[in-house]
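Undergrad: Can you keep this structure in mind? I'll have questions shortly.
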Amino acid sequence: MSIELTVVGCSGSYEGPGEPASAYLVTVPGKHGKPFRILMDCGSGALSNLHKVIDPSLIDIILISHLHADHFLDLAGLEVYLAYHPLVNCPTVRVFAPEGLDDRLSAATGNPDPIPPGASRAPYEFIPMSAGDSIEAGKGIITAVSVKHPVPAFGFRIEVGDSVLAYTGDTDSCEGVAALAEEADLLLCEAGYIEGRDDHFTGIHLTGKRAGILARQAGVKKLLLTHIPPWTDREVPLGEARAEFDGPLELAEALHTYTL
Ligand SMILES: [Zn+2]
Ligand SMILES: [Zn+2]
C-alpha cells in the first residue's frame, strides 16, 4: 500500500440524510514504519463518520481546502475531542488551511483563546497555506494547488513514490485543477453541478461532464466523483462523466476505502 483513501463524507455543499459533507482520511507510509494519517477536509457532519474509521487522536495532520462550512465546520466538534477527552492524551494537530481559519473556528466555538478554557494545550496549530506550498507527510509530499471558487481554495496533490492521489476540493474548470490532475492514479473530483440546470453559475463547481473532460485531458487512471448535493440524482453527473471519460469511473461512497 502506498496511498489509501477512505471517504468519511462526500455529500455536496451540505450534509444530506445520514451523509456527512466533505471529509476524507488519507493514509500514507510514515517514516518509521507507522502509517501517517491525513484528514483532508472536515465538513459539517463529518465527525460522526470519522469515529467509525479512526480514533481521531491518531490523525497526524489536517488539510482544509477552503473556508466553506461543508469543508471545515466539524473541526469545532473535533476540537472538543482533542481538548477534553478524559482518557486519551491528544497531541496538538497541525492544520494547513487558507488564512483565517483560526478566526472562523473561534467564532463557531466561542473560544477566542487557542487553548480552550480548562484545557492543557491547544488542539490545533494553524498553518496558512499559499499556492504551490509543499507539505511533508510521512514518505509522501502534498502540494497545495490554487483552484477556482468564490473564496480562496486549494486542491491537493498527494504523491508517494510513483503513486498520485489528486483531490480537487471545490472548483470550476481552471489551469490549476488541470495541473493538479495530471496523470493522477486517482482523481477525487467534485461534480457539484449538472449540465443545463446549473449553467447560470460559473466559477464555482464542476459538472459531471466537466469532471469527465478534465480526467480525459489529464490522462488520469481512475475518476472518483464526489461532492454531489442531496438534491441531485447521482446517476446524472455519473452519466455526464461517463460520456467524456472511458477509464474506470465511480461515485464516491461514504465509508468506502480506495487503495492506490
Ligand atoms: Zn463544498
Ligand atoms: Zn465551497
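Scheme for the C-alpha cells: letters A, B, ... for chains in order shown; per-chain residue numbers from 1; ligand numbers from 1 in order shown.
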Within 7 Å of ligand 1 (counting only C-alpha atoms and all ligand atoms), which residues show up? I'd like them as a PDB file with all heavy atoms, in the first residue's frame.
TA:
```
ATOM      1  N   GLY A  12     -22.419  16.861  -1.178  1.00  0.00           N
ATOM      2  CA  GLY A  12     -22.011  18.153  -1.721  1.00  0.00           C
ATOM      3  C   GLY A  12     -22.737  19.321  -1.087  1.00  0.00           C
ATOM      4  O   GLY A  12     -23.955  19.308  -0.930  1.00  0.00           O
ATOM      5  N   SER A  13     -21.976  20.325  -0.681  1.00  0.00           N
ATOM      6  CA  SER A  13     -22.452  21.638  -0.229  1.00  0.00           C
ATOM      7  C   SER A  13     -23.111  21.649   1.150  1.00  0.00           C
ATOM      8  O   SER A  13     -23.093  22.662   1.837  1.00  0.00           O
ATOM      9  CB  SER A  13     -23.404  22.278  -1.253  1.00  0.00           C
ATOM     10  OG  SER A  13     -22.693  22.494  -2.461  1.00  0.00           O
ATOM     11  N   SER A  22     -18.019  17.002   3.001  1.00  0.00           N
ATOM     12  CA  SER A  22     -16.685  16.548   2.600  1.00  0.00           C
ATOM     13  C   SER A  22     -15.716  16.266   3.749  1.00  0.00           C
ATOM     14  O   SER A  22     -15.453  17.149   4.576  1.00  0.00           O
ATOM     15  CB  SER A  22     -16.040  17.610   1.695  1.00  0.00           C
ATOM     16  OG  SER A  22     -16.773  17.734   0.502  1.00  0.00           O
ATOM     17  N   HIS A  68     -15.405  27.099   3.462  1.00  0.00           N
ATOM     18  CA  HIS A  68     -16.846  26.908   3.434  1.00  0.00           C
ATOM     19  C   HIS A  68     -17.208  25.848   4.467  1.00  0.00           C
ATOM     20  O   HIS A  68     -16.461  24.883   4.670  1.00  0.00           O
ATOM     21  CB  HIS A  68     -17.317  26.483   2.033  1.00  0.00           C
ATOM     22  CG  HIS A  68     -17.451  27.628   1.070  1.00  0.00           C
ATOM     23  ND1 HIS A  68     -17.430  27.473  -0.298  1.00  0.00           N
ATOM     24  CD2 HIS A  68     -17.616  28.962   1.308  1.00  0.00           C
ATOM     25  CE1 HIS A  68     -17.582  28.668  -0.876  1.00  0.00           C
ATOM     26  NE2 HIS A  68     -17.689  29.583   0.067  1.00  0.00           N
ATOM     27  N   ASP A  70     -19.129  23.386   4.644  1.00  0.00           N
ATOM     28  CA  ASP A  70     -19.182  21.960   4.277  1.00  0.00           C
ATOM     29  C   ASP A  70     -17.793  21.355   4.112  1.00  0.00           C
ATOM     30  O   ASP A  70     -17.674  20.175   3.766  1.00  0.00           O
ATOM     31  CB  ASP A  70     -20.029  21.755   3.009  1.00  0.00           C
ATOM     32  CG  ASP A  70     -19.483  22.469   1.788  1.00  0.00           C
ATOM     33  OD1 ASP A  70     -19.101  23.656   1.910  1.00  0.00           O
ATOM     34  OD2 ASP A  70     -19.433  21.856   0.704  1.00  0.00           O
ATOM     35  N   HIS A  71     -16.744  22.162   4.399  1.00  0.00           N
ATOM     36  CA  HIS A  71     -15.369  21.640   4.314  1.00  0.00           C
ATOM     37  C   HIS A  71     -14.574  21.789   5.619  1.00  0.00           C
ATOM     38  O   HIS A  71     -13.521  21.188   5.752  1.00  0.00           O
ATOM     39  CB  HIS A  71     -14.618  22.306   3.159  1.00  0.00           C
ATOM     40  CG  HIS A  71     -15.200  21.930   1.841  1.00  0.00           C
ATOM     41  ND1 HIS A  71     -14.669  20.957   1.027  1.00  0.00           N
ATOM     42  CD2 HIS A  71     -16.329  22.359   1.222  1.00  0.00           C
ATOM     43  CE1 HIS A  71     -15.438  20.809  -0.049  1.00  0.00           C
ATOM     44  NE2 HIS A  71     -16.450  21.653   0.054  1.00  0.00           N
ATOM     45  N   ASP A 170     -13.230  22.187  -4.017  1.00  0.00           N
ATOM     46  CA  ASP A 170     -14.327  22.766  -4.806  1.00  0.00           C
ATOM     47  C   ASP A 170     -13.732  23.674  -5.866  1.00  0.00           C
ATOM     48  O   ASP A 170     -12.973  24.598  -5.543  1.00  0.00           O
ATOM     49  CB  ASP A 170     -15.252  23.600  -3.920  1.00  0.00           C
ATOM     50  CG  ASP A 170     -16.190  22.759  -3.080  1.00  0.00           C
ATOM     51  OD1 ASP A 170     -16.059  21.521  -3.102  1.00  0.00           O
ATOM     52  OD2 ASP A 170     -17.053  23.354  -2.407  1.00  0.00           O
ATOM     53  N   HIS A 227     -18.845  15.170  -3.887  1.00  0.00           N
ATOM     54  CA  HIS A 227     -19.458  16.485  -3.658  1.00  0.00           C
ATOM     55  C   HIS A 227     -20.740  16.666  -4.480  1.00  0.00           C
ATOM     56  O   HIS A 227     -21.012  17.722  -5.024  1.00  0.00           O
ATOM     57  CB  HIS A 227     -18.441  17.596  -3.969  1.00  0.00           C
ATOM     58  CG  HIS A 227     -18.771  18.922  -3.333  1.00  0.00           C
ATOM     59  ND1 HIS A 227     -19.714  19.773  -3.848  1.00  0.00           N
ATOM     60  CD2 HIS A 227     -18.272  19.536  -2.239  1.00  0.00           C
ATOM     61  CE1 HIS A 227     -19.778  20.862  -3.090  1.00  0.00           C
ATOM     62  NE2 HIS A 227     -18.918  20.730  -2.098  1.00  0.00           N
TER      63      HIS A 227
END
```
Undergrad: Find the residues around Thr109 in chain A up to 9 Å (only C-alpha atoms counted), leave out those fewer than 6 positions away in its own chain, and share them as a ChimeraX atom specification.
TA: /A:76-77,79
Undergrad: Print the selection's residues with N, CA and C atoms to a file, as a compact mmCIF listing (two decimals), in the first residue's frame.
TA:
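Ended up saving to result_28.txt:
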```
# COMPACT_ATOMS: atom_id res chain seq x y z
N ALA A 76 -14.91 22.12 14.76
CA ALA A 76 -15.38 22.61 16.06
C ALA A 76 -15.63 21.44 17.02
N GLY A 77 -16.30 20.40 16.54
CA GLY A 77 -16.51 19.23 17.38
C GLY A 77 -15.24 18.46 17.65
N GLU A 79 -12.37 19.70 17.91
CA GLU A 79 -11.63 20.46 18.93
C GLU A 79 -12.01 20.00 20.33
```
Undergrad: Would you return as a PyMOL selection string the members of range 35-226 of chain A that DSSP assigns to strand (DSSP E) on this structure's backbone?
TA: chain A and resi 35-42+61-63+93-97+124-128+134-137+140-146+154-160+163-167+186-190+223-226
Undergrad: Take the residues just selected and output them with N, CA and C atoms as a short mmCIF file (atom, residue, chain, number, x, y, z; two decimals), in the first residue's frame.
TA:
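Saved as out09.cif:
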```
data_model
loop_
_atom_site.label_atom_id
_atom_site.label_comp_id
_atom_site.auth_asym_id
_atom_site.auth_seq_id
_atom_site.Cartn_x
_atom_site.Cartn_y
_atom_site.Cartn_z
N PRO A 35 1.91 4.11 9.90
CA PRO A 35 1.13 4.88 8.92
C PRO A 35 1.06 6.35 9.30
N PHE A 36 1.00 7.21 8.29
CA PHE A 36 0.84 8.65 8.50
C PHE A 36 -0.55 9.01 8.01
N ARG A 37 -1.35 9.62 8.89
CA ARG A 37 -2.78 9.81 8.61
C ARG A 37 -3.13 11.28 8.41
N ILE A 38 -3.74 11.54 7.28
CA ILE A 38 -4.08 12.90 6.88
C ILE A 38 -5.60 13.01 6.81
N LEU A 39 -6.16 13.97 7.54
CA LEU A 39 -7.59 14.25 7.38
C LEU A 39 -7.72 15.40 6.39
N MET A 40 -8.37 15.12 5.27
CA MET A 40 -8.47 16.10 4.19
C MET A 40 -9.90 16.63 4.17
N ASP A 41 -10.10 17.84 4.63
CA ASP A 41 -11.39 18.48 4.87
C ASP A 41 -12.11 17.81 6.05
N CYS A 42 -12.94 18.61 6.70
CA CYS A 42 -13.68 18.12 7.88
C CYS A 42 -14.99 18.90 7.92
N ILE A 61 -2.00 15.08 10.52
CA ILE A 61 -2.19 16.47 10.06
C ILE A 61 -3.58 16.59 9.45
N ILE A 62 -4.03 17.84 9.36
CA ILE A 62 -5.33 18.13 8.74
C ILE A 62 -5.09 19.15 7.61
N LEU A 63 -5.74 18.90 6.47
CA LEU A 63 -5.71 19.83 5.34
C LEU A 63 -7.14 20.34 5.14
N VAL A 93 -2.57 19.16 16.79
CA VAL A 93 -2.56 18.74 15.38
C VAL A 93 -2.33 19.96 14.49
N ARG A 94 -1.41 19.82 13.54
CA ARG A 94 -1.18 20.91 12.57
C ARG A 94 -2.30 20.92 11.54
N VAL A 95 -2.84 22.12 11.30
CA VAL A 95 -3.94 22.28 10.35
C VAL A 95 -3.49 23.24 9.25
N PHE A 96 -3.33 22.73 8.05
CA PHE A 96 -2.95 23.55 6.90
C PHE A 96 -4.23 24.02 6.21
N ALA A 97 -4.39 25.32 6.08
CA ALA A 97 -5.67 25.85 5.59
C ALA A 97 -5.46 27.26 5.03
N TYR A 124 -5.16 22.69 18.07
CA TYR A 124 -4.71 22.91 16.70
C TYR A 124 -3.57 23.92 16.64
N GLU A 125 -2.67 23.67 15.68
CA GLU A 125 -1.71 24.70 15.25
C GLU A 125 -2.06 25.05 13.81
N PHE A 126 -2.51 26.28 13.58
CA PHE A 126 -2.96 26.67 12.24
C PHE A 126 -1.79 27.16 11.41
N ILE A 127 -1.67 26.62 10.20
CA ILE A 127 -0.58 27.00 9.29
C ILE A 127 -1.22 27.47 7.98
N PRO A 128 -1.21 28.80 7.73
CA PRO A 128 -1.82 29.31 6.49
C PRO A 128 -1.07 28.79 5.26
N SER A 134 4.48 23.04 -0.51
CA SER A 134 4.69 21.60 -0.35
C SER A 134 4.67 21.25 1.12
N ILE A 135 3.95 20.20 1.44
CA ILE A 135 3.81 19.78 2.83
C ILE A 135 4.33 18.34 2.93
N GLU A 136 5.28 18.13 3.82
CA GLU A 136 5.81 16.78 4.01
C GLU A 136 4.81 15.95 4.81
N ALA A 137 4.55 14.74 4.36
CA ALA A 137 3.57 13.88 5.04
C ALA A 137 4.11 12.46 5.02
N GLY A 140 5.39 10.79 1.95
CA GLY A 140 4.71 11.47 0.85
C GLY A 140 4.93 12.97 0.86
N ILE A 141 4.56 13.58 -0.27
CA ILE A 141 4.60 15.03 -0.41
C ILE A 141 3.22 15.50 -0.88
N ILE A 142 2.72 16.53 -0.22
CA ILE A 142 1.43 17.11 -0.61
C ILE A 142 1.71 18.48 -1.22
N THR A 143 1.13 18.73 -2.38
CA THR A 143 1.24 20.06 -2.98
C THR A 143 -0.14 20.72 -2.96
N ALA A 144 -0.19 21.95 -2.46
CA ALA A 144 -1.44 22.73 -2.44
C ALA A 144 -1.52 23.53 -3.74
N VAL A 145 -2.59 23.31 -4.50
CA VAL A 145 -2.74 23.96 -5.81
C VAL A 145 -3.96 24.89 -5.76
N SER A 146 -3.77 26.12 -6.19
CA SER A 146 -4.87 27.09 -6.18
C SER A 146 -5.89 26.74 -7.25
N PHE A 154 -8.06 25.57 -2.44
CA PHE A 154 -6.95 24.73 -2.88
C PHE A 154 -7.45 23.32 -3.19
N GLY A 155 -6.77 22.69 -4.16
CA GLY A 155 -6.84 21.26 -4.32
C GLY A 155 -5.53 20.69 -3.79
N PHE A 156 -5.51 19.39 -3.58
CA PHE A 156 -4.30 18.76 -3.04
C PHE A 156 -3.85 17.62 -3.93
N ARG A 157 -2.55 17.61 -4.21
CA ARG A 157 -1.93 16.51 -4.95
C ARG A 157 -0.99 15.80 -3.99
N ILE A 158 -1.30 14.53 -3.73
CA ILE A 158 -0.53 13.76 -2.75
C ILE A 158 0.26 12.71 -3.51
N GLU A 159 1.58 12.76 -3.37
CA GLU A 159 2.46 11.85 -4.11
C GLU A 159 3.29 11.02 -3.14
N VAL A 160 3.26 9.71 -3.37
CA VAL A 160 4.13 8.78 -2.62
C VAL A 160 4.82 7.92 -3.66
N SER A 163 3.00 6.95 -6.97
CA SER A 163 1.54 6.98 -6.82
C SER A 163 1.04 8.40 -6.56
N VAL A 164 -0.04 8.77 -7.24
CA VAL A 164 -0.57 10.13 -7.11
C VAL A 164 -2.08 10.10 -6.86
N LEU A 165 -2.47 10.72 -5.76
CA LEU A 165 -3.88 10.98 -5.48
C LEU A 165 -4.10 12.48 -5.65
N ALA A 166 -5.07 12.86 -6.48
CA ALA A 166 -5.38 14.28 -6.66
C ALA A 166 -6.79 14.55 -6.20
N TYR A 167 -6.97 15.57 -5.36
CA TYR A 167 -8.29 15.97 -4.84
C TYR A 167 -8.55 17.41 -5.24
N LEU A 186 -5.49 8.35 -9.15
CA LEU A 186 -6.90 8.51 -8.75
C LEU A 186 -7.19 10.00 -8.65
N LEU A 187 -8.21 10.43 -9.38
CA LEU A 187 -8.67 11.83 -9.28
C LEU A 187 -9.99 11.83 -8.52
N LEU A 188 -9.94 12.37 -7.30
CA LEU A 188 -11.13 12.56 -6.48
C LEU A 188 -11.68 13.93 -6.84
N CYS A 189 -12.75 13.93 -7.61
CA CYS A 189 -13.14 15.15 -8.33
C CYS A 189 -14.56 15.55 -8.00
N GLU A 190 -14.73 16.79 -7.61
CA GLU A 190 -16.08 17.26 -7.32
C GLU A 190 -16.90 17.37 -8.59
N LEU A 223 -11.27 7.81 -12.06
CA LEU A 223 -12.02 9.01 -11.66
C LEU A 223 -13.06 8.63 -10.61
N LEU A 224 -13.03 9.36 -9.51
CA LEU A 224 -13.99 9.14 -8.43
C LEU A 224 -14.75 10.45 -8.23
N LEU A 225 -16.05 10.44 -8.53
CA LEU A 225 -16.84 11.67 -8.43
C LEU A 225 -17.35 11.87 -7.00
N THR A 226 -17.29 13.12 -6.54
CA THR A 226 -17.72 13.42 -5.17
C THR A 226 -18.43 14.77 -5.12
#
```
Undergrad: Could you check which of A:Ala218, A:Ala21, A:Ala179, A:Ala252 is closest to ligand 2, using only C-alpha atoms and all ligand atoms?
TA: A:Ala21
Undergrad: Using only C-alpha atoms, can you tell me which of A:Gly219, A:Gly16, A:Gly169, A:Gly132 comes closest to Leu206 in chain A?
TA: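 Once distances to Leu206 in chain A are computed over only C-alpha atoms, the minimum belongs to A:Gly169.
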Undergrad: In Å, rounded to a single decimal, give me how far CA of Gly196 in chain A is from CA of Glu244 in chain A.
TA: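 So the answer is 16.3 Å.
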Undergrad: So, counting only C-alpha atoms, which residue among A:Gly138, A:Ser57, A:Thr257, A:Cys10 is closest to Lys34 in chain A?
TA: A:Gly138
Undergrad: Between A:Thr27, A:Thr171, A:Ser2, A:Asn49, which has the minimum distance to ligand 2 (counting only C-alpha atoms and all ligand atoms)?
TA: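 Using only C-alpha atoms and all ligand atoms, ligand 2 sits closest to A:Thr171.
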